[in-house]
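Input: a single structure, listed below in structure tokens.
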Amino acid sequence: MTQGSRLYFAVTVLMCAFVSINGVGLNDLLERASQLSDKLHSLSTSLTNDLDSHFPPVGRVMMPRPSMCHTSSLQIPNDKDQALKIPEDELLSLARSLLLAWSDPLALLSSEASSLAHPERNTIDSKTKELQDNINSLGAGLEHVFQKMGSSSDNLSSLPFYTSSLGQDKTSRLVNFHFLLSCFRRDSHKIDSFLKVLRCRAAKKRPEMC
Amino acid sequence: MWRDAEQALTLIWLLSWTAHGVCHSPPGRPRLTRCRSPEKETFTCWWEPGSTGGLPTSYQLYYRKESSLEVFECPDYHKAGNNSCYFDKQHTSIWILYNITVVASNALGKAYSESVEVDVMDIVQPHPPENVNLTFMQTTNSPYFLVQWQPPHDADTRSGWVTIKYEVRLKIENSGDEEDSSWESYSAGKQLEFSIYSPQPGACYIVQVRCKLDHGLWSEWSPSSFIQIPDNMLDTQNAVMIIAITLTVIIFLLTAGALTVKMKPVKHFLLPPVPEPKISGLNTQLLKSGKSEEIFSALITPGYPQIVQSSDRQVEYLVVSDYDEEMDFEGKAHLEYQKGENHPTDNTQKGSQNSIKISLNSSQDLNTTLSENVHSGAVSNQLSVLGEPQQLLHLKCKGSPVKAQDRNTQMSSGSNCEHVSINPAGLTEYVEVDEDQKPLVREDYSMVSDVISDNILVLQDSIPVQGHKEVKCDKTSEAEETGGVFEPLGYLETLTTFSSES
């Protein structure tokens with residue numbers, strides 16, 4: 001291969017790669033993202049059910065209120081009319097902020113899952129790891145969506161998570177684990193709803209996407 | 001005493017009876033049974049009243065939202081029926097916990113139900129799909145029936161707030177004594193129709209559809225719809241199939257019959273036999289059996305060389321044959337000289353003819369020499385050349401070239417010719433040498449002075465037999481001359497030489 005043909009080949013490969021990365025339409029990206037968020041919520045529901053199967057009654061009393069979730073400060077729409085009024089980029093940034101807020105807590109949950117005082121701890125452990133993977137995939141996907149949508153400002157809300165440990169004794173660890181998981185389950189439902197509204201809005205000419 | 005007891009008993013019985021009807025008590029505790037949101041925009045809660053306590057009892061529902069302490073009362077008690085509370089859009093918020101309590105109160109007191117915490121996202125259950133429609137479609141190849149429906153009227157499937165998906169189930173209605181068949185369920189995604197292919201002809205199907213919003217609960221099944229599949233659906237299809245299969249079978253049988261009857265011609269037609277080099281008289285079957293004696297004995301013909309019946313001329317035969325068993329001369333050709341009768345011939349040039357046959361084992365070097373005394377006279381007009389690809393003699397004919405023939409025939413052309421070209425074709429022939437010519441010396445190879453190529457011997461003082469020869473050929477005469485069956489003696493080759501000694 002001569003130099004000229006090599007150069008030509010390299011340029012062609014680069015162009016193909018560029019096109020393939022950017023060639024996926026916004027519709028397909030959002031479709032994929034909403035599938036991932038759907039899976040995320042299903043996983044969290046199944047984890048919650050596993051935990052509930054052997055949960056001490058006292059734990060329910062001890063459980064913190066949902067308003068204590070670290071993401072409760074984020075202003076989100078609470079009904080359909082409000083949600084449909086929000087512009088798309090704001091919806092996307094809400095979803096991304098929520099998702100970003102859970103990467104640290106989920107790491108904590110993942111590390112604590114194996115030492116839970118629960119008979120189903122192995123299942124819980126593997127599902128928690130799967131949850132982590134899914135969050136990372138969805139985060140990367142939403143990055144692509146953000147770039148594709150091409151909005152100028154990136155106004156992600158910061159929702160810090162300061163807790164470093166779930167508790168000292170095994171009951172409080174179990175209770176806090178359950179509490180964190182319930183917060184996450186609700187937030188994953190929010191993310192899923194927002195992305196599905198986005199998906200439908202982006203596919204204006206294709207009502208079968210909604 | 002008995003009377004007192006009786007009176008006391010009746011009194012007690014009366015008292016208890018009246019107390020039951022007359023006594024009032026505070027109400028029993030009501031119980032919240034369920035809350036449902038059909039479209040993720042509103043929701044309804046139902047409760048079950050406890051005992052009324054004999055007094056008219058009223059029920060109130062109070063709720064508190066998650067992060068506030070303010071208590072609200074149910075906005076609508078009637079829309080959803082008795083003992084229910086309907087929360088409309090304004091009063092419904094999602095992702096917020098509602099703490100709901102029902103209070104039963106009558107003149108004597110109140111009773112509080114257990115509090116229930118409800119989040120709208122967990123209680124989503126749509127109404128069943130509407131207007132389920134069944135249509136039978138008769139296409140020629142693949143009949144099917146189509147199930148169509150509409151989404152529940154209150155579900156908003158266009159904004160993306162909810163994503164609906166459907167499920168269809170069907171079973172065959174058995175009117176007889178057979179046990180009920182079970183339901184078959186199919187997931188239909190987001191579409192509003194579903195096709196069931198290849199339904200059972202003559203069957204009556206029961207079809208139901210239900211739906212679900214995102215992660216919520218499945219709706220109730222829609223009311224049953226029925227469809228009757230016509231009976232004669234597959235008749236035309238079956239008839240065509242049967243006819244086609246029967247025709248195919250008949251054609252197949254005919255072809256098979258024709259093939260078996262006319263096996264050989266068909267076989268020859270399709271796969272023409274490749275001509276093999278064949279040595280007449282050599283039995284390949286015998287070769288395969290491997291008995292050499294039989295093989296070689298088969299090669300020997302008792303009647304060979306040909307004994308001429310005509311008596312016009314003196315025909316002298318010189319028969320040279322080489323058999324493995326009779327090789328006394330270590331591979332030398334064995335010469336035999338026979339005298340035979342003349343062949344009748346019209347060729348005046350011919351005198352007595354000699355036929356000389358020389359058989360040689362061609363695999364051996366032609367070191368054998370032979371000398372031949374050829375009678376003087378006309379040149380023999382027949383040459384038999386066997387087994388050698390080279391041409392012994394070129395005798396050119398005026399007309400067409402003479403071809404060496406196979407056994408029973410002779411080389412001849414259709415025309416009288418003086419020069420005959422001979423193509424050795426591995427056939428038995430013999431050379432008739434004119435009787436004028438001297439015969440070759442019997443068993444005496446001293447006359448041979450030289451061997452030219454594989455099949456030419458030069459006798460002393462003789463001209464090597466090569467090139468043109470004055471030969472007269474006459475087909476008819478030759479036809480009479482030759483006869484009988486010639487068996488090849490291995491590789492036979494004859495040549496005539498003219499000896500000047502004759």
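Identifiers for the structure tokens are assigned positionally: chains receive A, B, ... in sequence, residues are indexed from 1 per chain, and ligands are indexed from 1 in the order shown.
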Should the cut-off be 6 Å, what would the residue list for chain A against chain B look like, counting only C-alpha atoms, as number ranges by chain? A: 78-79, 196-197, 200, 210
Find the spatial neighbours of Leu91 of chain A, counting only C-alpha atoms, within a cut-off of 8 Å - ignore same-chain residues fewer than 4 positions away - and output them as a ChimeraX atom specification. /A:86-87,95,194-195,198
With N, CA, C and O atoms retained, could you export that selection as an mmCIF file, in the first residue's frame?
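Final file, out-v1.cif:
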```
data_model
loop_
_atom_site.group_PDB
_atom_site.id
_atom_site.type_symbol
_atom_site.label_atom_id
_atom_site.label_comp_id
_atom_site.auth_asym_id
_atom_site.auth_seq_id
_atom_site.Cartn_x
_atom_site.Cartn_y
_atom_site.Cartn_z
ATOM 1 N N ILE A 86 -42.706 21.478 30.899
ATOM 2 C CA ILE A 86 -41.264 21.706 31.037
ATOM 3 C C ILE A 86 -40.588 21.530 29.677
ATOM 4 O O ILE A 86 -40.878 20.563 28.965
ATOM 5 N N PRO A 87 -39.695 22.452 29.315
ATOM 6 C CA PRO A 87 -38.970 22.269 28.050
ATOM 7 C C PRO A 87 -38.044 21.055 28.099
ATOM 8 O O PRO A 87 -37.654 20.587 29.168
ATOM 9 N N ALA A 95 -33.336 14.683 34.613
ATOM 10 C CA ALA A 95 -33.026 13.249 34.605
ATOM 11 C C ALA A 95 -31.547 13.011 34.885
ATOM 12 O O ALA A 95 -31.173 12.122 35.661
ATOM 13 N N PHE A 194 -39.627 10.951 32.907
ATOM 14 C CA PHE A 194 -39.119 12.110 32.170
ATOM 15 C C PHE A 194 -38.569 11.688 30.807
ATOM 16 O O PHE A 194 -38.822 12.341 29.791
ATOM 17 N N LEU A 195 -37.815 10.605 30.800
ATOM 18 C CA LEU A 195 -37.232 10.168 29.531
ATOM 19 C C LEU A 195 -38.304 9.730 28.548
ATOM 20 O O LEU A 195 -38.176 9.946 27.340
ATOM 21 N N LEU A 198 -39.766 12.740 27.042
ATOM 22 C CA LEU A 198 -38.794 13.265 26.080
ATOM 23 C C LEU A 198 -38.826 12.473 24.782
ATOM 24 O O LEU A 198 -38.803 13.041 23.685
#
```
Let's see if you can do this: from backbone DSSP, list all alpha helix (DSSP H) residues in segment 108-202 of chain A, as a ChimeraX atom specification. /A:108-113,121-149,170-202
Contacts of Met63 of chain A at 12 Å (only C-alpha atoms; same-chain gap of 4+ positions) as a PDB file with C-alpha atoms, in the first residue's frame:
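As written to disk, around10.pdb reads:
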```pdb
ATOM      1  CA  PHE A  55     -37.827  -7.422  56.895  1.00  0.00           C
ATOM      2  CA  PRO A  56     -38.205  -6.988  60.647  1.00  0.00           C
ATOM      3  CA  PRO A  57     -41.413  -5.196  61.607  1.00  0.00           C
ATOM      4  CA  VAL A  58     -39.502  -2.876  63.844  1.00  0.00           C
ATOM      5  CA  GLY A  59     -37.642  -1.684  60.821  1.00  0.00           C
ATOM      6  CA  SER A  67     -38.516  13.432  52.564  1.00  0.00           C
ATOM      7  CA  MET A  68     -35.194  12.562  54.062  1.00  0.00           C
ATOM      8  CA  CYS A  69     -33.933  11.300  50.696  1.00  0.00           C
ATOM      9  CA  THR A 171     -30.580  -3.713  62.095  1.00  0.00           C
ATOM     10  CA  SER A 172     -29.906  -0.054  61.411  1.00  0.00           C
ATOM     11  CA  ARG A 173     -27.711  -1.071  58.485  1.00  0.00           C
ATOM     12  CA  LEU A 174     -30.551  -3.119  57.078  1.00  0.00           C
ATOM     13  CA  VAL A 175     -33.072  -0.363  57.679  1.00  0.00           C
ATOM     14  CA  ASN A 176     -30.898   2.302  56.089  1.00  0.00           C
ATOM     15  CA  PHE A 177     -30.204   0.003  53.172  1.00  0.00           C
ATOM     16  CA  HIS A 178     -33.937  -0.398  52.661  1.00  0.00           C
ATOM     17  CA  PHE A 179     -34.519   3.319  53.015  1.00  0.00           C
ATOM     18  CA  LEU A 180     -31.865   4.239  50.456  1.00  0.00           C
ATOM     19  CA  LEU A 181     -33.253   1.686  48.080  1.00  0.00           C
ATOM     20  CA  SER A 182     -36.786   3.064  48.380  1.00  0.00           C
ATOM     21  CA  CYS A 183     -35.493   6.575  47.673  1.00  0.00           C
TER      22      CYS A 183
END
```
Please provide as an MDAnalysis selection string all residues within 10 Å of Leu109 of chain A, with the sequence filter that same-chain residues fewer than 3 positions apart are discarded (counting only C-alpha atoms). chainID A and resid 104:106 112:114 116 124:125 128:129 132 165:166 176:178 180:181
Restricting the output to all heavy atoms, write the selected residues as a compact mmCIF listing (two decimals), in the first residue's frame.
```
# COMPACT_ATOMS: atom_id res chain seq x y z
N ASP A 104 -22.75 7.82 43.78
CA ASP A 104 -22.07 7.57 45.06
C ASP A 104 -22.87 6.67 46.01
O ASP A 104 -22.33 5.70 46.56
CB ASP A 104 -21.76 8.90 45.76
CG ASP A 104 -20.61 9.62 45.09
OD1 ASP A 104 -19.85 8.96 44.35
OD2 ASP A 104 -20.48 10.84 45.29
N PRO A 105 -24.17 7.01 46.21
CA PRO A 105 -24.93 6.15 47.14
C PRO A 105 -24.97 4.71 46.70
O PRO A 105 -24.93 3.79 47.52
CB PRO A 105 -26.33 6.77 47.12
CG PRO A 105 -26.16 8.13 46.62
CD PRO A 105 -24.98 8.14 45.72
N LEU A 106 -25.03 4.50 45.40
CA LEU A 106 -25.12 3.13 44.93
C LEU A 106 -23.80 2.39 45.14
O LEU A 106 -23.78 1.18 45.37
CB LEU A 106 -25.52 3.11 43.46
CG LEU A 106 -26.49 1.98 43.10
CD1 LEU A 106 -27.66 1.96 44.06
CD2 LEU A 106 -26.99 2.15 41.71
N GLU A 112 -21.97 -2.49 50.79
CA GLU A 112 -22.59 -3.00 52.01
C GLU A 112 -23.48 -4.22 51.76
O GLU A 112 -23.89 -4.89 52.70
CB GLU A 112 -23.45 -1.89 52.65
CG GLU A 112 -22.66 -0.71 53.14
CD GLU A 112 -22.26 -0.87 54.60
OE1 GLU A 112 -22.67 -1.86 55.24
OE2 GLU A 112 -21.53 0.01 55.11
N ALA A 113 -23.80 -4.45 50.51
CA ALA A 113 -24.80 -5.49 50.24
C ALA A 113 -24.34 -6.86 50.69
O ALA A 113 -25.15 -7.68 51.16
CB ALA A 113 -25.11 -5.50 48.75
N SER A 114 -23.07 -7.14 50.54
CA SER A 114 -22.60 -8.49 50.84
C SER A 114 -22.60 -8.80 52.33
O SER A 114 -22.62 -9.97 52.71
CB SER A 114 -21.20 -8.68 50.27
OG SER A 114 -20.39 -7.58 50.61
N LEU A 116 -24.98 -7.71 54.52
CA LEU A 116 -26.29 -7.44 55.10
C LEU A 116 -26.76 -8.61 55.94
O LEU A 116 -26.49 -9.78 55.62
CB LEU A 116 -27.32 -7.21 53.99
CG LEU A 116 -27.50 -5.78 53.48
CD1 LEU A 116 -28.60 -5.77 52.44
CD2 LEU A 116 -27.84 -4.82 54.61
N ILE A 124 -29.34 -9.99 46.58
CA ILE A 124 -29.35 -8.54 46.73
C ILE A 124 -28.02 -7.97 46.26
O ILE A 124 -27.97 -6.93 45.58
CB ILE A 124 -29.64 -8.17 48.20
CG1 ILE A 124 -31.11 -8.49 48.52
CG2 ILE A 124 -29.35 -6.70 48.47
CD1 ILE A 124 -31.42 -8.49 49.99
N ASP A 125 -26.95 -8.67 46.61
CA ASP A 125 -25.63 -8.19 46.22
C ASP A 125 -25.48 -8.14 44.70
O ASP A 125 -25.04 -7.13 44.13
CB ASP A 125 -24.56 -9.11 46.83
CG ASP A 125 -23.17 -8.58 46.63
OD1 ASP A 125 -23.02 -7.35 46.49
OD2 ASP A 125 -22.22 -9.38 46.58
N THR A 128 -27.61 -5.45 43.14
CA THR A 128 -27.07 -4.11 43.38
C THR A 128 -25.94 -3.80 42.41
O THR A 128 -25.83 -2.67 41.90
CB THR A 128 -26.57 -4.00 44.83
OG1 THR A 128 -27.55 -4.53 45.71
CG2 THR A 128 -26.30 -2.56 45.21
N LYS A 129 -25.10 -4.81 42.16
CA LYS A 129 -24.01 -4.59 41.20
C LYS A 129 -24.58 -4.31 39.82
O LYS A 129 -24.10 -3.44 39.08
CB LYS A 129 -23.11 -5.84 41.14
CG LYS A 129 -22.48 -6.25 42.45
CD LYS A 129 -21.16 -5.55 42.67
CE LYS A 129 -20.35 -6.14 43.83
NZ LYS A 129 -21.02 -6.14 45.11
N GLN A 132 -25.71 -0.83 39.54
CA GLN A 132 -24.61 0.10 39.34
C GLN A 132 -24.21 0.17 37.88
O GLN A 132 -24.02 1.27 37.32
CB GLN A 132 -23.39 -0.35 40.15
CG GLN A 132 -22.98 0.59 41.24
CD GLN A 132 -21.66 0.22 41.84
OE1 GLN A 132 -21.33 -0.96 41.98
NE2 GLN A 132 -20.88 1.20 42.19
N SER A 165 -21.59 5.80 55.75
CA SER A 165 -21.80 4.43 56.25
C SER A 165 -23.28 4.26 56.54
O SER A 165 -24.00 5.22 56.81
CB SER A 165 -20.95 4.18 57.50
OG SER A 165 -21.76 3.79 58.59
N LEU A 166 -23.71 3.04 56.48
CA LEU A 166 -25.13 2.78 56.67
C LEU A 166 -25.52 2.65 58.15
O LEU A 166 -26.69 2.66 58.47
CB LEU A 166 -25.52 1.48 55.95
CG LEU A 166 -25.63 1.55 54.43
CD1 LEU A 166 -26.12 0.23 53.88
CD2 LEU A 166 -26.55 2.68 54.00
N ASN A 176 -31.39 1.22 56.94
CA ASN A 176 -30.90 2.30 56.09
C ASN A 176 -30.72 1.84 54.65
O ASN A 176 -30.94 2.60 53.71
CB ASN A 176 -29.58 2.84 56.64
CG ASN A 176 -29.80 3.66 57.89
OD1 ASN A 176 -30.86 4.27 58.06
ND2 ASN A 176 -28.83 3.67 58.79
N PHE A 177 -30.30 0.57 54.52
CA PHE A 177 -30.20 0.00 53.17
C PHE A 177 -31.56 0.04 52.49
O PHE A 177 -31.70 0.52 51.35
CB PHE A 177 -29.68 -1.44 53.27
CG PHE A 177 -29.27 -2.03 51.95
CD1 PHE A 177 -27.92 -2.04 51.59
CD2 PHE A 177 -30.20 -2.56 51.07
CE1 PHE A 177 -27.52 -2.60 50.38
CE2 PHE A 177 -29.80 -3.11 49.87
CZ PHE A 177 -28.46 -3.12 49.52
N HIS A 178 -32.58 -0.38 53.21
CA HIS A 178 -33.94 -0.40 52.66
C HIS A 178 -34.41 1.02 52.33
O HIS A 178 -35.02 1.26 51.28
CB HIS A 178 -34.88 -1.05 53.68
CG HIS A 178 -36.18 -1.49 53.08
ND1 HIS A 178 -37.03 -0.66 52.40
CD2 HIS A 178 -36.78 -2.71 53.06
CE1 HIS A 178 -38.08 -1.32 51.99
NE2 HIS A 178 -37.97 -2.58 52.38
N LEU A 180 -32.56 3.73 51.64
CA LEU A 180 -31.87 4.24 50.46
C LEU A 180 -32.44 3.64 49.18
O LEU A 180 -32.64 4.34 48.17
CB LEU A 180 -30.37 3.92 50.54
CG LEU A 180 -29.45 4.99 51.10
CD1 LEU A 180 -28.02 4.50 51.08
CD2 LEU A 180 -29.59 6.29 50.34
N LEU A 181 -32.71 2.37 49.26
CA LEU A 181 -33.25 1.69 48.08
C LEU A 181 -34.63 2.22 47.70
O LEU A 181 -34.95 2.39 46.52
CB LEU A 181 -33.33 0.19 48.36
CG LEU A 181 -33.29 -0.73 47.15
CD1 LEU A 181 -32.06 -0.45 46.31
CD2 LEU A 181 -33.28 -2.17 47.63
```
Tell me which of B:Gly189, B:Gly257, B:Trp149, B:Ala155 sits closest to Val207 of chain B, counting only C-alpha atoms. B:Trp149
List the spatial neighbours of Thr101 of chain B as an NGL selection string - criterion: any atom at most 6 Å away, only C-alpha atoms, same-chain residues fewer than 5 positions off excluded. :B and (61-62 or 113 or 115)
Long-range neighbours of Gln208 of chain B as a list of chain:residue names, 9 Å cut-off, only C-alpha atoms, 2 positions minimum in chain: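 The filter keeps B:Val132, B:Glu167, B:Val168, B:Arg169, B:Leu170, B:Ile206, B:Arg210, B:Trp221, B:Ser222, B:Pro223, B:Ser224, B:Ser225.
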Residue selection dump (all heavy atoms) as an mmCIF file, in the first residue's frame:
```cif
data_model
loop_
_atom_site.group_PDB
_atom_site.id
_atom_site.type_symbol
_atom_site.label_atom_id
_atom_site.label_comp_id
_atom_site.auth_asym_id
_atom_site.auth_seq_id
_atom_site.Cartn_x
_atom_site.Cartn_y
_atom_site.Cartn_z
ATOM 1 N N VAL B 132 -63.511 -4.268 21.643
ATOM 2 C CA VAL B 132 -62.765 -5.388 21.057
ATOM 3 C C VAL B 132 -63.559 -5.953 19.892
ATOM 4 O O VAL B 132 -64.727 -6.292 20.030
ATOM 5 C CB VAL B 132 -62.498 -6.482 22.115
ATOM 6 C CG1 VAL B 132 -61.767 -7.652 21.495
ATOM 7 C CG2 VAL B 132 -61.700 -5.907 23.272
ATOM 8 N N GLU B 167 -52.163 -7.117 26.047
ATOM 9 C CA GLU B 167 -52.019 -8.569 26.009
ATOM 10 C C GLU B 167 -53.354 -9.161 25.565
ATOM 11 O O GLU B 167 -54.415 -8.732 26.028
ATOM 12 C CB GLU B 167 -51.641 -9.091 27.405
ATOM 13 C CG GLU B 167 -51.154 -10.534 27.399
ATOM 14 C CD GLU B 167 -50.777 -11.016 28.794
ATOM 15 O OE1 GLU B 167 -50.795 -10.203 29.729
ATOM 16 O OE2 GLU B 167 -50.478 -12.207 28.933
ATOM 17 N N VAL B 168 -53.261 -10.140 24.651
ATOM 18 C CA VAL B 168 -54.458 -10.782 24.110
ATOM 19 C C VAL B 168 -54.484 -12.218 24.584
ATOM 20 O O VAL B 168 -53.437 -12.873 24.632
ATOM 21 C CB VAL B 168 -54.424 -10.743 22.561
ATOM 22 C CG1 VAL B 168 -55.631 -11.425 21.973
ATOM 23 C CG2 VAL B 168 -54.324 -9.320 22.071
ATOM 24 N N ARG B 169 -55.648 -12.721 24.919
ATOM 25 C CA ARG B 169 -55.730 -14.144 25.191
ATOM 26 C C ARG B 169 -56.977 -14.701 24.528
ATOM 27 O O ARG B 169 -57.978 -14.005 24.361
ATOM 28 C CB ARG B 169 -55.714 -14.437 26.691
ATOM 29 C CG ARG B 169 -57.009 -14.179 27.416
ATOM 30 C CD ARG B 169 -56.933 -14.675 28.848
ATOM 31 N NE ARG B 169 -58.197 -14.457 29.537
ATOM 32 C CZ ARG B 169 -58.402 -14.753 30.815
ATOM 33 N NH1 ARG B 169 -57.418 -15.274 31.531
ATOM 34 N NH2 ARG B 169 -59.569 -14.528 31.375
ATOM 35 N N LEU B 170 -56.853 -15.992 24.132
ATOM 36 C CA LEU B 170 -57.985 -16.614 23.447
ATOM 37 C C LEU B 170 -58.031 -18.095 23.788
ATOM 38 O O LEU B 170 -57.028 -18.690 24.169
ATOM 39 C CB LEU B 170 -57.852 -16.432 21.925
ATOM 40 C CG LEU B 170 -56.554 -16.850 21.287
ATOM 41 C CD1 LEU B 170 -56.650 -18.199 20.598
ATOM 42 C CD2 LEU B 170 -56.143 -15.831 20.239
ATOM 43 N N ILE B 206 -63.021 -17.583 21.897
ATOM 44 C CA ILE B 206 -63.305 -16.524 22.867
ATOM 45 C C ILE B 206 -62.028 -15.701 23.001
ATOM 46 O O ILE B 206 -60.953 -16.254 23.243
ATOM 47 C CB ILE B 206 -63.664 -17.111 24.242
ATOM 48 C CG1 ILE B 206 -64.724 -18.186 24.095
ATOM 49 C CG2 ILE B 206 -64.135 -16.017 25.182
ATOM 50 C CD1 ILE B 206 -64.988 -18.948 25.366
ATOM 51 N N ARG B 210 -56.267 -7.180 27.590
ATOM 52 C CA ARG B 210 -56.055 -6.340 28.760
ATOM 53 C C ARG B 210 -54.833 -5.475 28.517
ATOM 54 O O ARG B 210 -54.068 -5.696 27.569
ATOM 55 C CB ARG B 210 -55.875 -7.170 30.025
ATOM 56 C CG ARG B 210 -54.605 -7.972 30.058
ATOM 57 C CD ARG B 210 -54.482 -8.687 31.387
ATOM 58 N NE ARG B 210 -53.235 -9.471 31.449
ATOM 59 C CZ ARG B 210 -52.878 -10.193 32.495
ATOM 60 N NH1 ARG B 210 -53.657 -10.250 33.567
ATOM 61 N NH2 ARG B 210 -51.753 -10.865 32.487
ATOM 62 N N TRP B 221 -59.522 -8.096 32.444
ATOM 63 C CA TRP B 221 -59.727 -8.543 31.064
ATOM 64 C C TRP B 221 -60.988 -7.903 30.503
ATOM 65 O O TRP B 221 -61.970 -7.732 31.206
ATOM 66 C CB TRP B 221 -59.874 -10.066 31.011
ATOM 67 C CG TRP B 221 -58.587 -10.798 31.241
ATOM 68 C CD1 TRP B 221 -58.216 -11.465 32.364
ATOM 69 C CD2 TRP B 221 -57.508 -10.932 30.315
ATOM 70 N NE1 TRP B 221 -56.969 -12.008 32.212
ATOM 71 C CE2 TRP B 221 -56.498 -11.692 30.960
ATOM 72 C CE3 TRP B 221 -57.272 -10.485 29.010
ATOM 73 C CZ2 TRP B 221 -55.293 -12.025 30.352
ATOM 74 C CZ3 TRP B 221 -56.070 -10.809 28.402
ATOM 75 C CH2 TRP B 221 -55.088 -11.567 29.070
ATOM 76 N N SER B 222 -60.922 -7.565 29.234
ATOM 77 C CA SER B 222 -62.094 -6.983 28.579
ATOM 78 C C SER B 222 -63.188 -8.047 28.527
ATOM 79 O O SER B 222 -62.914 -9.249 28.658
ATOM 80 C CB SER B 222 -61.734 -6.542 27.162
ATOM 81 O OG SER B 222 -61.399 -7.667 26.377
ATOM 82 N N PRO B 223 -64.431 -7.629 28.329
ATOM 83 C CA PRO B 223 -65.495 -8.631 28.200
ATOM 84 C C PRO B 223 -65.224 -9.540 27.004
ATOM 85 O O PRO B 223 -64.632 -9.121 26.009
ATOM 86 C CB PRO B 223 -66.760 -7.804 27.969
ATOM 87 C CG PRO B 223 -66.394 -6.389 28.191
ATOM 88 C CD PRO B 223 -64.919 -6.265 28.285
ATOM 89 N N SER B 224 -65.650 -10.798 27.082
ATOM 90 C CA SER B 224 -65.318 -11.772 26.047
ATOM 91 C C SER B 224 -65.938 -11.396 24.719
ATOM 92 O O SER B 224 -67.082 -10.961 24.650
ATOM 93 C CB SER B 224 -65.827 -13.158 26.467
ATOM 94 O OG SER B 224 -65.129 -13.595 27.597
ATOM 95 N N SER B 225 -65.160 -11.609 23.666
ATOM 96 C CA SER B 225 -65.679 -11.476 22.312
ATOM 97 C C SER B 225 -65.623 -12.846 21.668
ATOM 98 O O SER B 225 -64.703 -13.624 21.953
ATOM 99 C CB SER B 225 -64.837 -10.491 21.507
ATOM 100 O OG SER B 225 -64.893 -9.220 22.071
#
```
Expressed in Å to a single decimal, how great is the separation between atom CA of Thr33 of chain B and atom CA of Glu48 of chain B?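 Result for atom CA of Thr33 of chain B versus atom CA of Glu48 of chain B: 6.3 Å, one decimal.
Here atom CA of Asp192 of chain A is placed at a distance of 13.6 Å from atom CA of Lys80 of chain A.
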Pick from A:Lys148, A:His54, A:Lys205, A:Lys85 nearest to Arg121 of chain A, counting only C-alpha atoms: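 Closest to Arg121 of chain A of all the choices is A:His54.
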Pick the closest to Tyr162 of chain A from A:Ser37, A:Asn136, A:Thr71, A:Thr123: which is it, counting only C-alpha atoms?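 Using only C-alpha atoms, Tyr162 of chain A sits closest to A:Thr71.
Nearest residue to Pro119 of chain A among A:Asp52, A:Leu36, A:Gln3, A:His189 is A:Asp52, counting only C-alpha atoms.
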